[in-house]
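Participant: Next comes the structure file input03.cif, holding mmCIF, C-alpha atoms.
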data_upload
#
loop_
_atom_site.group_PDB
_atom_site.id
_atom_site.type_symbol
_atom_site.label_atom_id
_atom_site.label_comp_id
_atom_site.auth_asym_id
_atom_site.auth_seq_id
_atom_site.Cartn_x
_atom_site.Cartn_y
_atom_site.Cartn_z
ATOM 1 C CA MET A 1 53.525 83.798 244.668
ATOM 2 C CA ASN A 2 49.842 83.472 245.443
ATOM 3 C CA PHE A 3 47.664 81.106 243.425
ATOM 4 C CA VAL A 4 45.044 83.150 241.579
ATOM 5 C CA ILE A 5 41.620 81.668 240.958
ATOM 6 C CA ASN A 6 40.288 82.599 237.530
ATOM 7 C CA ILE A 7 36.597 81.811 236.996
ATOM 8 C CA LEU A 8 34.551 81.909 233.816
ATOM 9 C CA PHE A 9 30.855 82.548 234.484
ATOM 10 C CA ILE A 10 28.613 81.507 231.614
ATOM 11 C CA VAL A 11 25.254 83.049 232.437
ATOM 12 C CA GLU A 12 21.964 82.932 230.572
ATOM 13 C CA GLY A 13 20.910 86.580 230.583
ATOM 14 C CA GLU A 14 22.640 89.835 229.827
ATOM 15 C CA LYS A 15 21.426 91.848 232.841
ATOM 16 C CA GLN A 16 20.006 90.026 235.875
ATOM 17 C CA ASP A 17 22.431 87.091 235.979
ATOM 18 C CA PRO A 18 25.667 89.113 235.658
ATOM 19 C CA ALA A 19 24.380 91.802 238.046
ATOM 20 C CA LEU A 20 23.559 89.239 240.735
ATOM 21 C CA MET A 21 26.805 87.299 240.463
ATOM 22 C CA GLU A 22 28.934 90.443 240.367
ATOM 23 C CA HIS A 23 27.196 91.718 243.504
ATOM 24 C CA LEU A 24 27.752 88.411 245.304
ATOM 25 C CA LEU A 25 31.405 88.339 244.252
ATOM 26 C CA GLU A 26 31.916 91.899 245.442
ATOM 27 C CA THR A 27 30.106 91.171 248.716
ATOM 28 C CA TYR A 28 31.897 87.924 249.605
ATOM 29 C CA ILE A 29 35.153 87.773 247.673
ATOM 30 C CA GLY A 30 36.144 91.428 247.333
ATOM 31 C CA GLU A 31 39.869 91.986 246.864
ATOM 32 C CA ARG A 32 40.928 88.364 247.382
ATOM 33 C CA ASP A 33 43.061 86.580 244.787
ATOM 34 C CA LEU A 34 40.291 85.979 242.310
ATOM 35 C CA GLU A 35 39.804 86.988 238.714
ATOM 36 C CA TYR A 36 36.702 86.328 236.658
ATOM 37 C CA GLN A 37 35.089 86.782 233.283
ATOM 38 C CA MET A 38 31.343 87.077 232.810
ATOM 39 C CA SER A 39 29.968 85.763 229.510
ATOM 40 C CA SER A 40 26.260 86.181 228.721
ATOM 41 C CA TYR A 41 25.022 83.292 226.598
ATOM 42 C CA GLY A 42 21.952 85.240 225.482
ATOM 43 C CA THR A 43 19.522 82.360 225.136
ATOM 44 C CA CYS A 44 18.086 79.460 227.123
ATOM 45 C CA ILE A 45 19.443 76.218 228.519
ATOM 46 C CA TYR A 46 17.797 74.157 225.779
ATOM 47 C CA ASP A 47 19.731 76.011 223.106
ATOM 48 C CA LEU A 48 22.909 75.354 225.093
ATOM 49 C CA TYR A 49 22.049 71.651 225.193
ATOM 50 C CA ASP A 50 21.689 71.533 221.406
ATOM 51 C CA LYS A 51 24.988 73.330 220.892
ATOM 52 C CA VAL A 52 26.928 71.139 223.337
ATOM 53 C CA PHE A 53 25.389 67.670 223.039
ATOM 54 C CA LYS A 54 23.430 67.380 219.791
ATOM 55 C CA ASP A 55 26.353 66.534 217.520
ATOM 56 C CA ASN A 56 28.559 64.870 220.142
ATOM 57 C CA ASP A 57 27.834 61.177 220.552
ATOM 58 C CA ASP A 58 30.881 60.808 222.793
ATOM 59 C CA GLU A 59 30.890 63.154 225.799
ATOM 60 C CA GLU A 60 34.676 62.915 225.893
ATOM 61 C CA ASP A 61 34.748 64.918 222.642
ATOM 62 C CA ILE A 62 32.903 67.894 224.130
ATOM 63 C CA ASP A 63 34.885 71.140 224.282
ATOM 64 C CA LEU A 64 32.612 73.674 225.954
ATOM 65 C CA LEU A 65 34.818 76.707 225.402
ATOM 66 C CA LEU A 66 35.360 75.878 221.734
ATOM 67 C CA THR A 67 31.609 75.429 221.310
ATOM 68 C CA LEU A 68 30.901 78.797 222.929
ATOM 69 C CA LYS A 69 33.573 80.479 220.856
ATOM 70 C CA SER A 70 32.096 79.099 217.632
ATOM 71 C CA ARG A 71 28.710 80.744 218.254
ATOM 72 C CA GLU A 72 30.087 84.111 219.412
ATOM 73 C CA LYS A 73 29.944 86.756 216.689
ATOM 74 C CA ASP A 74 31.819 89.475 218.555
ATOM 75 C CA GLU A 75 35.540 89.017 217.845
ATOM 76 C CA ASP A 76 36.570 90.673 221.106
ATOM 77 C CA LYS A 77 34.278 88.432 223.156
ATOM 78 C CA LYS A 78 35.654 85.352 221.385
ATOM 79 C CA LYS A 79 38.979 85.973 223.099
ATOM 80 C CA ILE A 80 37.351 85.146 226.452
ATOM 81 C CA PHE A 81 37.180 81.492 225.421
ATOM 82 C CA ASP A 82 40.863 81.274 224.536
ATOM 83 C CA LYS A 83 41.958 81.774 228.141
ATOM 84 C CA ASP A 84 42.677 79.160 230.787
ATOM 85 C CA TYR A 85 40.334 79.050 233.770
ATOM 86 C CA THR A 86 40.587 77.326 237.126
ATOM 87 C CA ASP A 87 36.790 77.106 237.336
ATOM 88 C CA ILE A 88 33.804 77.266 234.996
ATOM 89 C CA VAL A 89 30.350 78.135 236.332
ATOM 90 C CA LEU A 90 27.162 77.852 234.268
ATOM 91 C CA ILE A 91 24.018 79.651 235.453
ATOM 92 C CA PHE A 92 20.749 79.019 233.648
ATOM 93 C CA ASP A 93 17.002 79.053 234.313
ATOM 94 C CA LEU A 94 14.932 75.894 234.193
ATOM 95 C CA ASP A 95 12.238 77.623 232.081
ATOM 96 C CA PRO A 96 9.857 74.625 232.218
ATOM 97 C CA HIS A 97 7.291 76.601 230.199
ATOM 98 C CA ASP A 98 9.616 76.623 227.182
ATOM 99 C CA GLY A 99 8.333 74.434 224.354
ATOM 100 C CA ARG A 100 11.723 72.715 224.247
ATOM 101 C CA TYR A 101 11.599 71.649 227.901
ATOM 102 C CA ASP A 102 12.864 68.080 228.153
ATOM 103 C CA LYS A 103 13.543 66.546 231.560
ATOM 104 C CA GLU A 104 16.079 64.041 230.247
ATOM 105 C CA LYS A 105 18.110 66.752 228.515
ATOM 106 C CA ILE A 106 18.194 68.786 231.713
ATOM 107 C CA ARG A 107 19.197 65.737 233.744
ATOM 108 C CA LYS A 108 21.988 65.022 231.277
ATOM 109 C CA MET A 109 23.319 68.546 231.604
ATOM 110 C CA GLN A 110 23.130 68.551 235.402
ATOM 111 C CA ARG A 111 24.913 65.195 235.491
ATOM 112 C CA TYR A 112 27.635 66.259 233.041
ATOM 113 C CA PHE A 113 28.354 69.727 234.428
ATOM 114 C CA ASN A 114 29.029 68.759 238.038
ATOM 115 C CA ASP A 115 32.487 70.144 238.885
ATOM 116 C CA THR A 116 33.673 73.734 238.445
ATOM 117 C CA THR A 117 37.305 72.644 238.163
ATOM 118 C CA ASP A 118 36.659 70.022 235.488
ATOM 119 C CA LYS A 119 33.897 70.350 232.866
ATOM 120 C CA GLY A 120 32.113 73.135 234.692
ATOM 121 C CA LYS A 121 29.243 73.171 237.176
ATOM 122 C CA LEU A 122 25.652 73.966 236.287
ATOM 123 C CA TYR A 123 23.473 75.920 238.709
ATOM 124 C CA ILE A 124 19.816 75.893 237.685
ATOM 125 C CA ASN A 125 17.431 78.557 238.978
ATOM 126 C CA TYR A 126 13.793 77.586 239.541
ATOM 127 C CA PRO A 127 11.971 78.895 237.675
ATOM 128 C CA MET A 128 14.463 81.693 236.879
ATOM 129 C CA VAL A 129 17.160 83.903 238.410
ATOM 130 C CA GLU A 130 14.578 86.304 239.853
ATOM 131 C CA ALA A 131 14.030 83.649 242.539
ATOM 132 C CA PHE A 132 16.854 85.386 244.447
ATOM 133 C CA LYS A 133 14.630 88.469 244.802
ATOM 134 C CA HIS A 134 11.683 86.299 245.825
ATOM 135 C CA THR A 135 13.438 84.948 248.915
ATOM 136 C CA GLU A 136 13.001 88.062 251.046
ATOM 137 C CA THR A 137 9.282 88.869 250.730
ATOM 138 C CA LYS A 138 7.120 91.784 251.821
ATOM 139 C CA ASN A 139 5.228 91.507 255.095
ATOM 140 C CA ARG A 140 1.888 91.095 253.364
ATOM 141 C CA VAL A 141 3.000 87.854 251.686
ATOM 142 C CA LYS A 142 1.399 85.081 253.726
ATOM 143 C CA GLU A 143 3.482 82.185 252.418
ATOM 144 C CA SER A 144 6.887 81.550 253.934
ATOM 145 C CA PHE A 145 9.711 81.161 251.434
ATOM 146 C CA LYS A 146 9.796 77.471 252.265
ATOM 147 C CA GLU A 147 6.397 76.961 250.620
ATOM 148 C CA ILE A 148 6.542 79.426 247.717
ATOM 149 C CA LYS A 149 6.033 77.756 244.342
ATOM 150 C CA ALA A 150 5.603 78.994 240.791
ATOM 151 C CA ASN A 151 2.976 77.556 238.467
ATOM 152 C CA VAL A 152 4.410 76.577 235.099
ATOM 153 C CA SER A 153 1.325 77.831 233.278
ATOM 154 C CA ASP A 154 1.805 81.333 234.691
ATOM 155 C CA LEU A 155 5.545 81.839 234.349
ATOM 156 C CA LYS A 156 5.109 84.646 231.835
ATOM 157 C CA ASN A 157 3.907 86.668 234.843
ATOM 158 C CA TYR A 158 6.537 85.446 237.303
ATOM 159 C CA LYS A 159 8.815 88.494 237.046
ATOM 160 C CA GLN A 160 5.887 90.779 237.846
ATOM 161 C CA ARG A 161 4.993 88.543 240.778
ATOM 162 C CA VAL A 162 8.508 89.018 242.135
ATOM 163 C CA ILE A 163 8.133 92.792 241.804
ATOM 164 C CA ASP A 164 4.829 92.598 243.678
ATOM 165 C CA GLU A 165 6.038 90.261 246.433
ATOM 166 C CA GLY A 166 9.805 90.778 246.747
ATOM 167 C CA ARG A 167 11.183 93.129 249.383
ATOM 168 C CA TYR A 168 14.380 94.183 247.584
ATOM 169 C CA LEU A 169 14.625 94.675 243.839
ATOM 170 C CA LYS A 170 17.990 96.326 243.164
ATOM 171 C CA TYR A 171 21.071 94.294 244.029
ATOM 172 C CA PRO A 172 23.109 97.186 245.529
ATOM 173 C CA SER A 173 20.487 97.329 248.310
ATOM 174 C CA TYR A 174 21.338 93.764 249.398
ATOM 175 C CA THR A 175 23.747 93.996 252.333
ATOM 176 C CA LYS A 176 25.948 91.071 253.311
ATOM 177 C CA ASP A 177 23.535 90.245 256.150
ATOM 178 C CA THR A 178 20.661 90.130 253.672
ATOM 179 C CA CYS A 179 22.681 87.993 251.250
ATOM 180 C CA ASP A 180 23.600 85.650 254.115
ATOM 181 C CA LYS A 181 19.914 85.195 254.952
ATOM 182 C CA ILE A 182 18.964 84.624 251.324
ATOM 183 C CA ILE A 183 21.713 82.077 250.671
ATOM 184 C CA ILE A 184 20.929 80.143 253.859
ATOM 185 C CA ARG A 185 17.190 80.180 253.150
ATOM 186 C CA ASN A 186 17.803 78.800 249.672
ATOM 187 C CA ILE A 187 20.115 76.100 251.034
ATOM 188 C CA LYS A 188 17.515 75.168 253.652
ATOM 189 C CA LYS A 189 14.831 75.077 250.986
ATOM 190 C CA GLY A 190 16.990 72.911 248.744
ATOM 191 C CA ARG A 191 17.330 70.440 251.604
ATOM 192 C CA TYR A 192 13.590 70.729 252.320
ATOM 193 C CA ILE A 193 12.804 69.888 248.691
ATOM 194 C CA ILE A 194 14.750 66.636 248.994
ATOM 195 C CA GLY A 195 12.950 65.699 252.231
ATOM 196 C CA LYS A 196 15.000 67.269 255.036
ATOM 197 C CA ASN A 197 13.748 69.501 257.860
ATOM 198 C CA TYR A 198 13.792 73.149 256.752
ATOM 199 C CA ASP A 199 14.328 74.508 260.261
ATOM 200 C CA ASP A 200 17.518 72.565 260.995
ATOM 201 C CA ASP A 201 20.695 74.628 261.287
ATOM 202 C CA ILE A 202 22.946 74.383 258.254
ATOM 203 C CA THR A 203 26.507 73.166 258.707
ATOM 204 C CA GLU A 204 29.038 72.773 255.922
ATOM 205 C CA LYS A 205 28.717 68.984 256.100
ATOM 206 C CA GLU A 206 24.923 69.146 255.787
ATOM 207 C CA TYR A 207 25.284 71.497 252.851
ATOM 208 C CA LEU A 208 27.737 69.215 251.099
ATOM 209 C CA ASP A 209 25.395 66.252 251.620
ATOM 210 C CA MET A 210 22.856 67.978 249.366
ATOM 211 C CA ASP A 211 23.358 67.591 245.623
ATOM 212 C CA LEU A 212 21.867 69.539 242.739
ATOM 213 C CA MET A 213 20.752 66.421 240.855
ATOM 214 C CA SER A 214 18.498 65.362 243.746
ATOM 215 C CA ILE A 215 16.919 68.817 243.775
ATOM 216 C CA LEU A 216 16.378 68.705 240.013
ATOM 217 C CA ASN A 217 14.709 65.291 240.207
ATOM 218 C CA LYS A 218 12.308 66.526 242.911
ATOM 219 C CA GLN A 219 11.490 69.618 240.885
ATOM 220 C CA ILE A 220 10.735 67.468 237.856
ATOM 221 C CA GLU A 221 8.429 65.380 240.032
ATOM 222 C CA MET A 222 6.657 68.583 241.108
ATOM 223 C CA ILE A 223 6.137 69.619 237.495
ATOM 224 C CA GLU A 224 4.630 66.243 236.661
ATOM 225 C CA LYS A 225 2.543 66.159 239.848
ATOM 226 C CA ASP A 226 0.936 69.618 239.879
ATOM 227 C CA ASN A 227 2.606 71.656 237.122
ATOM 228 C CA SER A 228 4.649 73.791 239.505
ATOM 229 C CA VAL A 229 8.162 74.165 240.879
ATOM 230 C CA PHE A 230 9.467 75.297 244.231
ATOM 231 C CA VAL A 231 10.997 78.764 243.880
ATOM 232 C CA LEU A 232 14.726 78.255 244.425
ATOM 233 C CA CYS A 233 17.881 80.155 243.469
ATOM 234 C CA THR A 234 20.746 77.684 243.264
ATOM 235 C CA CYS A 235 23.237 80.090 241.693
ATOM 236 C CA ALA A 236 23.546 81.564 245.198
ATOM 237 C CA PHE A 237 25.015 78.176 246.209
ATOM 238 C CA PHE A 238 28.182 79.161 244.367
ATOM 239 C CA ILE A 239 29.267 81.243 247.360
ATOM 240 C CA ALA A 240 28.750 78.261 249.689
ATOM 241 C CA ASP A 241 30.738 76.069 247.292
ATOM 242 C CA PHE A 242 33.527 78.624 247.002
ATOM 243 C CA ALA A 243 33.918 79.244 250.730
ATOM 244 C CA PHE A 244 31.163 78.162 253.101
ATOM 245 C CA GLY A 245 32.867 79.997 255.947
ATOM 246 C CA PHE A 246 32.207 83.371 254.298
ATOM 247 C CA ILE A 247 28.504 82.989 255.154
ATOM 248 C CA ASN A 248 27.126 83.799 258.582
ATOM 249 C CA THR A 249 24.865 80.786 259.078
ATOM 250 C CA LYS A 250 23.492 82.044 262.415
ATOM 251 C CA ILE A 251 21.902 85.206 261.091
#
Could you write out this structure as structure tokens?

Facilitator:
Amino acid sequence: MNFVINILFIVEGEKQDPALMEHLLETYIGERDLEYQMSSYGTCIYDLYDKVFKDNDDEEDIDLLLTLKSREKDEDKKKIFDKDYTDIVLIFDLDPHDGRYDKEKIRKMQRYFNDTTDKGKLYINYPMVEAFKHTETKNRVKESFKEIKANVSDLKNYKQRVIDEGRYLKYPSYTKDTCDKIIIRNIKKGRYIIGKNYDDDITEKEYLDMDLMSILNKQIEMIEKDNSVFVLCTCAFFIADFAFGFINTKI
């Protein structure tokens, strides 16, 4: 009997986040022994922090699924949190322009949610999930993806900027080759953010040597230095975490 992986995706939005992850799962995982549930949280990472950590002095007392179930009003959706999962994946935007932005809260969440098979793993998108569409840019965009940043003061216009600069806007148009390029470019940029050479080839070992906390700390430094963040989609890293060999790194 084959072991079936059953993943719960807790995503911030109701449209973009589920659409992206479902497309990546269909592209890379397909008919393999994997089941998943997609749960849209419907609000930002700072609200999640308050729900999970505010009234829990002892992190050992945290029950993420029970917490999520308690705030869900739809009785049918509540049943999602009664199931057993092999992995839990959380996908949220940094949203540094939010009035509740707090670097220590974000660090605490990134530190706590660090393993899909245990408490869950948090993938933060900088500044938001639309960064995936900002990786492959139109020819007229002079900046390479390596250098593209988003100014915190102008994030209300970031989605329109992606429409103006991004080459592909609807996920069904992203072929596996395109997804391979986007995932590798984001991995290379993640390593670049923490001080590595962007142009180096990516091996599985080099990927595993990069951690999300180091990226977060560098992004926080960028915010404090010049009020901007490097555009980066870390939720695409889930595919590399799940099975690095599924990605054509030479494309």

Participant: Written as a VMD selection string, what is the full residue list that the PyMOL selection byres ((chain A and resi 7) around 12) yields on the file shown?

Facilitator: chain A and resid 4 to 6 8 to 10 21 25 33 to 39 80 to 81 83 to 90 116 to 118 120 to 121 238 242

Participant: Which value, in Å to one decimal, gives the distance between atom CA of Lys15 of chain A and atom CA of Val129 of chain A?

Facilitator: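 We find that atom CA of Lys15 of chain A and atom CA of Val129 of chain A lie 10.6 Å from each other.
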
Participant: With distances taken over only C-alpha atoms, which of A:Pro96, A:Pro172, A:Gly42, A:Pro18 is nearest to Met222 of chain A?

Facilitator: A:Pro96

Participant: Give me the box for segment 83-100 of chain A as JSON, namely the centre and edge lengths in Å to one decimal of a box along x, y and z that holds every listed atom plus 3 Å on each side.

Facilitator:
{"center_x": 25.0, "center_y": 77.2, "center_z": 230.8, "size_x": 41.4, "size_y": 15.1, "size_z": 19.1}

Participant: Quote the spacing between atom CA of Ile124 of chain A and atom CA of Leu212 of chain A in Å to one decimal place.

Facilitator: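 Interatomic distance, atom CA of Ile124 of chain A to atom CA of Leu212 of chain A: 8.4 Å.
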
Participant: Using only C-alpha atoms for the distances, tell me which of A:Ile202, A:Arg185, A:Cys44, A:Tyr28 is nearest to Ala243 of chain A.

Facilitator: A:Tyr28

Participant: With distances taken over only C-alpha atoms, which residue among A:Leu68, A:Ile223, A:Leu208, A:Val52 lies nearest Val152 of chain A?

Facilitator: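 Comparing A:Leu68, A:Ile223, A:Leu208, A:Val52 against Val152 of chain A, the winner is A:Ile223.
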
Participant: Enumerate, as number ranges by chain, the residues matched when the PyMOL selection byres ((chain A and resi 174-179) around 9) is run on the file above.

Facilitator: A: 23-24, 27-28, 136, 168-173, 180-184, 236, 247-248, 251

Participant: Could you work out how far atom CA of Tyr46 of chain A lies from atom CA of Asp63 of chain A, giving the answer in Å with one decimal?

Facilitator: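 Result for atom CA of Asp63 of chain A versus atom CA of Tyr46 of chain A: 17.4 Å, one decimal.
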
Participant: Counting only C-alpha atoms, which of A:Gly195, A:Glu22, A:Asp17, A:Glu75 gets nearest to Lys218 of chain A?

Facilitator: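 Checking each of A:Gly195, A:Glu22, A:Asp17, A:Glu75 against Lys218 of chain A, counting only C-alpha atoms, the winner is A:Gly195.
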
Participant: Applied to this file, what does the PyMOL selection byres ((chain A and resi 100) around 12) return in terms of residues, put as a ChimeraX atom specification?

Facilitator: /A:44-50,94-99,101-106

Participant: Select, from A:Asp93, A:Glu72, A:Asp199, A:Asp209, the residue with the minimum atom-to-atom distance to Leu232 of chain A, counting only C-alpha atoms.

Facilitator: A:Asp93

Participant: For Tyr198 of chain A, which residue out of A:Ser40, A:Phe145, A:Ala150, A:Lys159 is the nearest one, using all atoms listed in the file?

Facilitator: A:Phe145

Participant: Might you pull out every residue within 6 Å of Tyr41 of chain A, with all atoms listed in the file counted and same-chain residues fewer than 2 positions away left off, and present them as a PyMOL selection string?

Facilitator: chain A and resi 11-12+43

Participant: Any chance you can output those residues with C-alpha atoms as a CSV table (one decimal), in the coordinates of the input?

Facilitator:
chain,number,residue,atom,x,y,z
A,11,VAL,CA,25.3,83.0,232.4
A,12,GLU,CA,22.0,82.9,230.6
A,43,THR,CA,19.5,82.4,225.1

Participant: So that I can see what lies close to Phe244 of chain A, please list as a list in words the residues with an atom at most 9 Å from it, counting only C-alpha atoms and leaving out residues fewer than 4 positions away in the same chain.

Facilitator: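 Counting only the stated atoms, we get Thr203, Glu204, Tyr207, Ile239, Ala240 and Asn248 of chain A.
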